[in-house]
Amino acid sequence: MAFTRKRQREQQLQLYSRERFSLLLLNLEEYYFEQHTAHHIQHKGSQKERKIRGSLKICSKSVIFEPDAISQPIIKIPLRDCIKIGKHGEKEASGHVAKTVSGAISLIFSQVYFIKEHNIVAPYKIERGTMEYVFELDVSGKVEDVVETLLQLHRASCLDKLGDQTAMITAILQSRLARTSFDKNRFQSVSEKLHMECKAEMVTPLVTNPGHACVTDTTLYFQPLNGYPKPVVQIMLQDIRRIYKRRHGLMPLGLEVFCTEDDLCSDIYLKFYERQDRDDLYFYIATYLEHHVPERTAEGYTLQWQRGLLSNYQYLLHLNSLADRSCSDLSQYPVFPWVIGDYSSSELDLSNPETFRDLSKPVGALNQERLERLLTRYQEMPEPRFMYGSHYSSPGYVLFYLVRIAPEYMLCLQNGRFDNADRMFNSIAETWKNCLYGATDFKELIPEFYGDDVSFLVNSLKLDLGKRQGGQLVNDVELPPWARSPEDFLRKSRAALESEHVSEHLHEWIDLVFGYRQQGRDAVGAHNVFHPLTYEGGVDLNSIEDPDEKVAMLTQILEFGQTPRQLFVTPHPRRITPKFKSLSQPSSYNASTADSPVSPGEESFEDLTEESRTLAWSNIARLEPQEQHRIHKEAVTGIAVSRNGSSIFTTSQDSTLKMFSKESRMLQRSISFSNMALSSCLLLPGDATVISSSWDNNVYFYSIAFGRRQDTLMGHDDAVSKICWHDNRLYSASWDSTVKVWSGVPAEMPCARKQHFELLAELEHDVSVDTISLNTAGTLLASGTKEGTVNIWDLTTATLLHQIPCHEGTVGDTAFSPDSRHVLSTGADSHLNVIDVQTGMLISSLTADEPQRCFLWDGNSVVSGSQSGELLVWDLLGGRVSKRIQGHTGAVTCMWMNEQCSSVITGGEDRQIMFWKLQY
């Protein structure tokens, strides 16, 4: 899992340096500056005198001596506890002179810590009382410099105010960084070109390591000031897959780099001292990645998750990463939900809804009795009010779960101690119970609970974690009865996370943690209000002038926990599951077979048709042009094809309706209804009538059999831009800002009385409507306007469901996905936007090089017609263009696809129609 892999990487680095020492032996916010080979001289001047060889580490708040022999404990002497620091044997104030030891440093202090004796991780042993330790450096000439450094750091540690201590240590650090620079000899190649270099810190859990970052035309480097854990860290730019700006310590100074696509564990996390340095480095790497890796957004991942390309686990992983959660930062560690609510049954029934936790409520609201007590306190509280005094994620909670695999982190966080044995992570069921009933326990889970590494549940290190009140030793985590083993527990937990029930409700939890119910009135209504300091922007550290107050505030925030960055401001769409596939179709809908290409009895043929569609779309990039014909004098605006594919009807801005024979490759008819442009056409079921819309405000009905106009609908006050037909209903869009719904069947005999069309509904818009489309069931309509708004209408009630301003400029085309869950739109701004029908949320936006005038899609892949005449094949879920195919010499203006999705016809501004076919 994430933390385990992070720890393994750190251990590998320690193997490289062959040290027991780690930065976790330092205090929080402490820096490791330098090391010197030395001997610790014990019992100086007596018969027991003994020299222990090792390494002396100079840190900003302590001196650490690491003996070479692992049987000997590591010694840590806090500088604030030092009484005297100097060269051993130098003259005392009384005038007495001690025997001089060449190159030795004397420390007299009142307290010392002993750590990792016999290399065993255990609580630190503390010895108190006045003591003197003597350290003899191998290089005696360095003694004076080391003593001077220690005296300077000692003065900083002894300052009364914490803010003053921090300021002085920061000044010392910056002075050291200013005197050094990145060693160019560390470049992998002499031909590398340096792009930029700056000061930075490498971030790992609980600690940061200062040094110099630089980026060349091929590689990102970080060189630690102290050479620990190795002289230089390097990452090839070509290996980078994701890069994120981070807020670290509430400041926009972090940058995290991943060389993997689906992992929480990054390859390096850097914190910069200047935001501009961070932004410049990000821009350089992001520019490089533009040519290699598509940028990912929360909305893009949402579309992949909805359509089943990402699992629930993977989706939560990506949302955490986009919301600034990182396994390198314990104050913002990835947060995952409790999904199981049953930890007492002998069997786990994932088909029973009662097995699961209510994902629509935060942990603090799951117990109604406790919630009522919290609400009473909330009502009586002065502003700013909050419901929960502790958070659902904090460093303490993360290490509560991970103490068995990360004991050194717990010791670092808690000043060398483990927590009380009864407060440890002893039992899954007890922990869940406490989250339900505890007065201050509202924690969620971490990703390890849904991974495949059981080490955090097992005391494989044989740690002495103490005894509980009943006398039992704290050992492995006690599992629920339904788990046969730790491996079985993780398997069943992951199965629960990926279950149909959780898939149907996970969006509710996302709304609470990453979405619109995270803050504001919606958070209050959901009983989801935490302390104001936990939210992004809750405090501006730069506005706090008092250094003590600033340090105290930052410490409080980092230790208390932080709410993820808000990713969504509207309700999150639910996942598409088999149970909810027809969610957008009202229950009253009765599928009609009037416009079905086969009769109800031909079910096997339908199955074959569906298979052929799937096969065709999986090979859509193999679309190749077959032939082309110029049949109009102006741009082609609409295409309709007879069922057998023999006759192609087209409309054009030249005001004509043309009938073209596919078999003879000849123009058979040319019909003109007026002297104004025709904007679209469609063929009614039965192939007897063609309908055309015109800029002269009318809709024309043409009888194919009798070769004449049989009806005219004068329905609008301005040009009719697009028409659709479904189940004996006509839908007409117009520049008069309306979409009208008409009922009626046009006359089929020339001698018959003309049909009177009844206006059923009028869908009002604020501006001109340029395009409309229907979903498969004919229950929903999407309209696109001149000003870039996409509207989604419920046709069963003639009401507006969503109004989404998602384009700059005219909307060129819209279409529903086959399952009616999404609408795709294109516009003059060159964007392809995917909208969730249920919530109206814009969940994906891709940008083309130029406007895409029209398109076809199956929900996952898109074939679009470009302004330049190319056909672009898009992998919508991958967020990229997978193929470009040269077609027309002018803009592609309209497209048609057959039922099996194997043939395409396009029309263009070059006055031509082109025939395309898939080549398997």
# chains A, B, ... in the order shown; residues from 1 in each chain; ligands from 1

call {"tool": "residues_around", "arguments": {"residues": "A:His391", "least_positions_apart": "5", "cutoff": "7 Å", "atoms": "only C-alpha atoms", "output": "VMD selection string"}}
result
chain A and resid 442 to 443 530 560 to 561

call {"tool": "residues_around", "arguments": {"residues": "stretch 220-222 of chain A", "least_positions_apart": "2", "cutoff": "7 Å", "atoms": "only C-alpha atoms", "output": "number ranges by chain"}}
result
A: 211-216, 224, 232-237

call {"tool": "write_last_selection", "arguments": {"atoms": "C-alpha atoms", "output": "short mmCIF file (atom, residue, chain, number, x, y, z; two decimals), in the first residue's frame"}}
result
data_model
loop_
_atom_site.label_atom_id
_atom_site.label_comp_id
_atom_site.auth_asym_id
_atom_site.auth_seq_id
_atom_site.Cartn_x
_atom_site.Cartn_y
_atom_site.Cartn_z
CA GLY A 211 18.85 21.43 -0.44
CA HIS A 212 18.91 22.56 -4.05
CA ALA A 213 16.51 21.58 -6.84
CA CYS A 214 17.33 22.00 -10.49
CA VAL A 215 15.85 20.93 -13.79
CA THR A 216 17.63 20.40 -17.09
CA PRO A 224 20.28 17.54 -0.13
CA VAL A 232 21.50 13.44 -5.26
CA VAL A 233 17.98 12.35 -6.23
CA GLN A 234 17.25 12.35 -9.96
CA ILE A 235 14.11 11.77 -12.03
CA MET A 236 14.08 11.60 -15.81
CA LEU A 237 11.46 13.93 -17.28
#

call {"tool": "closest_residue", "arguments": {"among": "A:Pro231, A:Gly887, A:Gly451, A:Gly86", "to": "A:Glu627", "atoms": "only C-alpha atoms"}}
result
A:Gly887

call {"tool": "residues_around", "arguments": {"residues": "stretch 503-508 of chain A", "least_positions_apart": "6", "cutoff": "8 Å", "atoms": "only C-alpha atoms", "output": "list in words"}}
result
Asn312, Leu359, Ser360, Leu497, His572, Pro573, Arg574, Arg575, Ile576 and Thr577 of chain A

call {"tool": "closest_atom_pairs", "arguments": {"of": "stretch 717-811 of chain A", "to": "stretch 675-698 of chain A", "cutoff": "8 Å", "atoms": "only C-alpha atoms", "output": "JSON lines"}}
result
{"residue": "A:Asp717", "atom": "CA", "partner": "A:Asn697", "partner_atom": "CA", "distance": 6.0}
{"residue": "A:Asp718", "atom": "CA", "partner": "A:Asn697", "partner_atom": "CA", "distance": 5.0}
{"residue": "A:Ala719", "atom": "CA", "partner": "A:Trp695", "partner_atom": "CA", "distance": 3.9}
{"residue": "A:Val720", "atom": "CA", "partner": "A:Asn697", "partner_atom": "CA", "distance": 5.3}
{"residue": "A:Ser721", "atom": "CA", "partner": "A:Ser679", "partner_atom": "CA", "distance": 5.6}
{"residue": "A:Lys722", "atom": "CA", "partner": "A:Ser680", "partner_atom": "CA", "distance": 5.7}
{"residue": "A:Ile723", "atom": "CA", "partner": "A:Ser693", "partner_atom": "CA", "distance": 6.6}
{"residue": "A:Cys724", "atom": "CA", "partner": "A:Leu682", "partner_atom": "CA", "distance": 7.3}
{"residue": "A:Trp725", "atom": "CA", "partner": "A:Leu684", "partner_atom": "CA", "distance": 7.5}
{"residue": "A:Ser734", "atom": "CA", "partner": "A:Asn697", "partner_atom": "CA", "distance": 7.8}
{"residue": "A:Glu748", "atom": "CA", "partner": "A:Ala688", "partner_atom": "CA", "distance": 7.6}

call {"tool": "write_last_selection", "arguments": {"atoms": "N, CA, C and O atoms", "output": "tab-separated table (two decimals), in the first residue's frame"}}
result
chain	number	residue	atom	x	y	z
A	717	ASP	N	-40.85	32.38	-35.74
A	717	ASP	CA	-40.71	33.79	-36.13
A	717	ASP	C	-39.31	34.11	-36.64
A	717	ASP	O	-39.01	35.27	-36.92
A	718	ASP	N	-38.46	33.11	-36.72
A	718	ASP	CA	-37.11	33.29	-37.26
A	718	ASP	C	-36.65	31.95	-37.81
A	718	ASP	O	-37.39	30.95	-37.76
A	719	ALA	N	-35.46	31.90	-38.33
A	719	ALA	CA	-34.95	30.71	-38.98
A	719	ALA	C	-35.07	29.48	-38.10
A	719	ALA	O	-34.82	29.53	-36.89
A	720	VAL	N	-35.46	28.35	-38.71
A	720	VAL	CA	-35.47	27.07	-38.02
A	720	VAL	C	-34.08	26.45	-38.20
A	720	VAL	O	-33.62	26.25	-39.32
A	721	SER	N	-33.39	26.20	-37.09
A	721	SER	CA	-31.98	25.79	-37.15
A	721	SER	C	-31.79	24.28	-37.14
A	721	SER	O	-30.80	23.77	-37.67
A	722	LYS	N	-32.71	23.52	-36.54
A	722	LYS	CA	-32.53	22.07	-36.43
A	722	LYS	C	-33.88	21.44	-36.12
A	722	LYS	O	-34.72	22.02	-35.40
A	723	ILE	N	-34.11	20.24	-36.66
A	723	ILE	CA	-35.33	19.49	-36.36
A	723	ILE	C	-34.98	18.07	-35.93
A	723	ILE	O	-33.95	17.52	-36.34
A	724	CYS	N	-35.82	17.50	-35.07
A	724	CYS	CA	-35.71	16.10	-34.65
A	724	CYS	C	-37.10	15.49	-34.68
A	724	CYS	O	-38.12	16.19	-34.59
A	725	TRP	N	-37.14	14.16	-34.76
A	725	TRP	CA	-38.43	13.46	-34.80
A	725	TRP	C	-38.34	12.23	-33.91
A	725	TRP	O	-37.35	11.51	-33.91
A	734	SER	N	-35.21	27.10	-33.13
A	734	SER	CA	-35.23	28.30	-33.96
A	734	SER	C	-34.40	29.41	-33.36
A	734	SER	O	-34.16	29.47	-32.15
A	748	GLU	N	-49.85	11.29	-46.29
A	748	GLU	CA	-48.98	10.52	-47.16
A	748	GLU	C	-49.52	10.45	-48.59
A	748	GLU	O	-48.82	10.05	-49.50

call {"tool": "residues_around", "arguments": {"residues": "A:Ser71", "least_positions_apart": "5", "cutoff": "10 Å", "atoms": "only C-alpha atoms", "output": "list in words"}}
result
Lys116, Glu117, His118, Asn119 and Ile120 of chain A

call {"tool": "write_last_selection", "arguments": {"atoms": "all heavy atoms", "output": "short mmCIF file (atom, residue, chain, number, x, y, z; two decimals), in the first residue's frame"}}
result
data_model
loop_
_atom_site.label_atom_id
_atom_site.label_comp_id
_atom_site.auth_asym_id
_atom_site.auth_seq_id
_atom_site.Cartn_x
_atom_site.Cartn_y
_atom_site.Cartn_z
N LYS A 116 17.16 3.13 19.78
CA LYS A 116 17.50 1.98 18.92
C LYS A 116 18.69 1.17 19.44
O LYS A 116 19.59 0.78 18.69
CB LYS A 116 17.80 2.44 17.49
CG LYS A 116 16.57 2.82 16.68
CD LYS A 116 16.96 3.05 15.22
CE LYS A 116 15.75 3.33 14.36
NZ LYS A 116 16.13 3.58 12.96
N GLU A 117 18.72 0.89 20.72
CA GLU A 117 19.75 -0.01 21.26
C GLU A 117 19.56 -1.39 20.67
O GLU A 117 18.42 -1.89 20.61
CB GLU A 117 19.67 -0.05 22.78
CG GLU A 117 20.83 -0.79 23.41
CD GLU A 117 20.84 -0.64 24.93
OE1 GLU A 117 19.85 -0.11 25.47
OE2 GLU A 117 21.84 -1.04 25.54
N HIS A 118 20.63 -2.02 20.23
CA HIS A 118 20.57 -3.30 19.51
C HIS A 118 19.70 -3.20 18.25
O HIS A 118 19.17 -4.20 17.77
CB HIS A 118 20.07 -4.42 20.41
CG HIS A 118 20.95 -4.70 21.59
ND1 HIS A 118 22.21 -5.25 21.48
CD2 HIS A 118 20.76 -4.45 22.93
CE1 HIS A 118 22.76 -5.36 22.67
NE2 HIS A 118 21.92 -4.86 23.57
N ASN A 119 19.56 -1.98 17.77
CA ASN A 119 18.77 -1.68 16.57
C ASN A 119 17.30 -2.09 16.71
O ASN A 119 16.62 -2.41 15.73
CB ASN A 119 19.37 -2.37 15.33
CG ASN A 119 19.04 -1.62 14.05
OD1 ASN A 119 18.77 -0.42 14.07
ND2 ASN A 119 19.02 -2.33 12.93
N ILE A 120 16.80 -2.04 17.93
CA ILE A 120 15.40 -2.37 18.19
C ILE A 120 14.62 -1.07 18.33
O ILE A 120 14.98 -0.18 19.10
CB ILE A 120 15.27 -3.21 19.48
CG1 ILE A 120 15.96 -4.56 19.29
CG2 ILE A 120 13.81 -3.40 19.85
CD1 ILE A 120 16.04 -5.38 20.57
#

call {"tool": "residues_around", "arguments": {"residues": "A:Val551", "least_positions_apart": "2", "cutoff": "12 Å", "atoms": "only C-alpha atoms", "output": "NGL selection string"}}
result
:A and (29 or 161-167 or 249 or 541-542 or 544-549 or 553-558)

call {"tool": "select_by_dssp", "arguments": {"residues": "stretch 346-410 of chain A", "states": "helix (DSSP H, G or I)", "output": "number ranges by chain"}}
result
A: 353-355, 363-365, 368-380, 395-402, 407-410

call {"tool": "select_by_dssp", "arguments": {"residues": "stretch 19-143 of chain A", "states": "strand (DSSP E or B)", "output": "JSON, numbers by chain"}}
result
{"A": [32, 33, 34, 35, 36, 37, 38, 39, 40, 41, 42, 50, 51, 52, 53, 54, 55, 56, 57, 58, 59, 62, 63, 64, 65, 66, 67, 74, 75, 76, 77, 78, 82, 83, 84, 85, 86, 87, 104, 105, 106, 107, 108, 109, 110, 111, 112, 113, 114, 115, 125, 126, 127, 128, 129, 130, 131, 132, 133, 134, 135, 136, 137]}

call {"tool": "residues_around", "arguments": {"residues": "A:Arg241", "least_positions_apart": "2", "cutoff": "8 Å", "atoms": "only C-alpha atoms", "output": "ChimeraX atom specification"}}
result
/A:239,243,257-261,289,293

call {"tool": "write_last_selection", "arguments": {"atoms": "C-alpha atoms", "output": "PDB file, in the first residue's frame"}}
result
ATOM      1  CA  ASP A 239       9.426   8.998 -16.849  1.00  0.00           C
ATOM      2  CA  ILE A 243       2.716  16.446 -11.500  1.00  0.00           C
ATOM      3  CA  VAL A 257       5.951  14.341  -8.995  1.00  0.00           C
ATOM      4  CA  PHE A 258       4.731  10.850  -9.930  1.00  0.00           C
ATOM      5  CA  CYS A 259       6.291   8.412 -12.362  1.00  0.00           C
ATOM      6  CA  THR A 260       3.262   6.136 -12.064  1.00  0.00           C
ATOM      7  CA  GLU A 261      -0.327   6.520 -13.254  1.00  0.00           C
ATOM      8  CA  LEU A 289       4.612  16.679 -20.346  1.00  0.00           C
ATOM      9  CA  VAL A 293       1.030  12.844 -21.007  1.00  0.00           C
TER      10      VAL A 293
END

call {"tool": "closest_residue", "arguments": {"among": "A:Gln306, A:Thr218, A:Thr637, A:Ser393", "to": "A:Phe336", "atoms": "only C-alpha atoms"}}
result
A:Ser393

call {"tool": "residues_around", "arguments": {"residues": "A:Asp829", "least_positions_apart": "2", "cutoff": "6 Å", "atoms": "only C-alpha atoms", "output": "number ranges by chain"}}
result
A: 808, 827, 831

call {"tool": "write_last_selection", "arguments": {"atoms": "N, CA, C and O atoms", "output": "PDB file, in the first residue's frame"}}
result
ATOM      1  N   GLU A 808     -17.819  29.267 -24.894  1.00  0.00           N
ATOM      2  CA  GLU A 808     -17.703  30.679 -25.263  1.00  0.00           C
ATOM      3  C   GLU A 808     -18.006  30.779 -26.752  1.00  0.00           C
ATOM      4  O   GLU A 808     -17.209  30.370 -27.583  1.00  0.00           O
ATOM      5  N   GLY A 827     -18.404  23.441 -29.506  1.00  0.00           N
ATOM      6  CA  GLY A 827     -18.691  24.854 -29.677  1.00  0.00           C
ATOM      7  C   GLY A 827     -17.641  25.584 -30.479  1.00  0.00           C
ATOM      8  O   GLY A 827     -16.586  25.028 -30.823  1.00  0.00           O
ATOM      9  N   HIS A 831     -13.990  23.565 -27.757  1.00  0.00           N
ATOM     10  CA  HIS A 831     -14.095  22.641 -26.626  1.00  0.00           C
ATOM     11  C   HIS A 831     -15.081  21.513 -26.932  1.00  0.00           C
ATOM     12  O   HIS A 831     -16.091  21.730 -27.596  1.00  0.00           O
TER      13      HIS A 831
END
